[in-house]
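The structure appears right after this line, and notes come after that.
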Amino acid sequence: MTFTSLSYKSIRIATLVHREIPKYTSIERIVSNRNGKMYIDFLQNRPKATLAAPYSLRPKKGATVSMPLHWDEVKKGLKTTDFTIFNAIDRLKEVGDIFKPVIGKGIDLKKITASGK
């Protein structure tokens, strides 16, 4: 697979996800046009782009941690500084590894993107 074909796949996947749950998602680049919806960033698939993996430390003041959340935790007032190296282990002990199911069998992207759904 080439970088170009992968780029087209990421656009397709973002569009399919947005089509399924438009009430919650946006593929609009301009923040003010998203109306508070979660942005699906298909442009993140480019050379030299970075992202924070689950449970990784961010190079920020306070040693913030990229923390997986339950959907009911995603609400106004949530800040990246809510989860740090100082409270991450306590949270894991309290709620468990909620990211673990993501590392399971996975999905067949060829099947999903070919379906034209």
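Numbering starts fresh at 1 for the residues of each chain in the structure tokens, the chains themselves are lettered A, B, ... in the order given, and ligands are numbered from 1 as they appear.
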
Which residues are near region 16-18 of chain A? Cut-off 12 Å, only C-alpha atoms, ignore same chain within fewer than 3 positions. Put them as number ranges by chain.
A: 9-13, 21-28, 37-42, 109, 112-117

A straight line from CA of Thr80 (chain A) to CA of Arg29 (chain A) spans 20.9 Å

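The residues of region 15-89 of chain A that DSSP classifies as strand (DSSP E), using the backbone of this structure, are Thr25, Ser26, Met38 and Tyr39 of chain A.
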
Going by DSSP on the backbone, which bits of chain A are alpha helix (DSSP H)? Write them as an MDAnalysis selection string, please.
chainID A and resid 3:20 88:95 109:114

Just how far from CA of Ser5 (chain A) is CA of Ala53 (chain A), in Å to one decimal?
23.9 Å
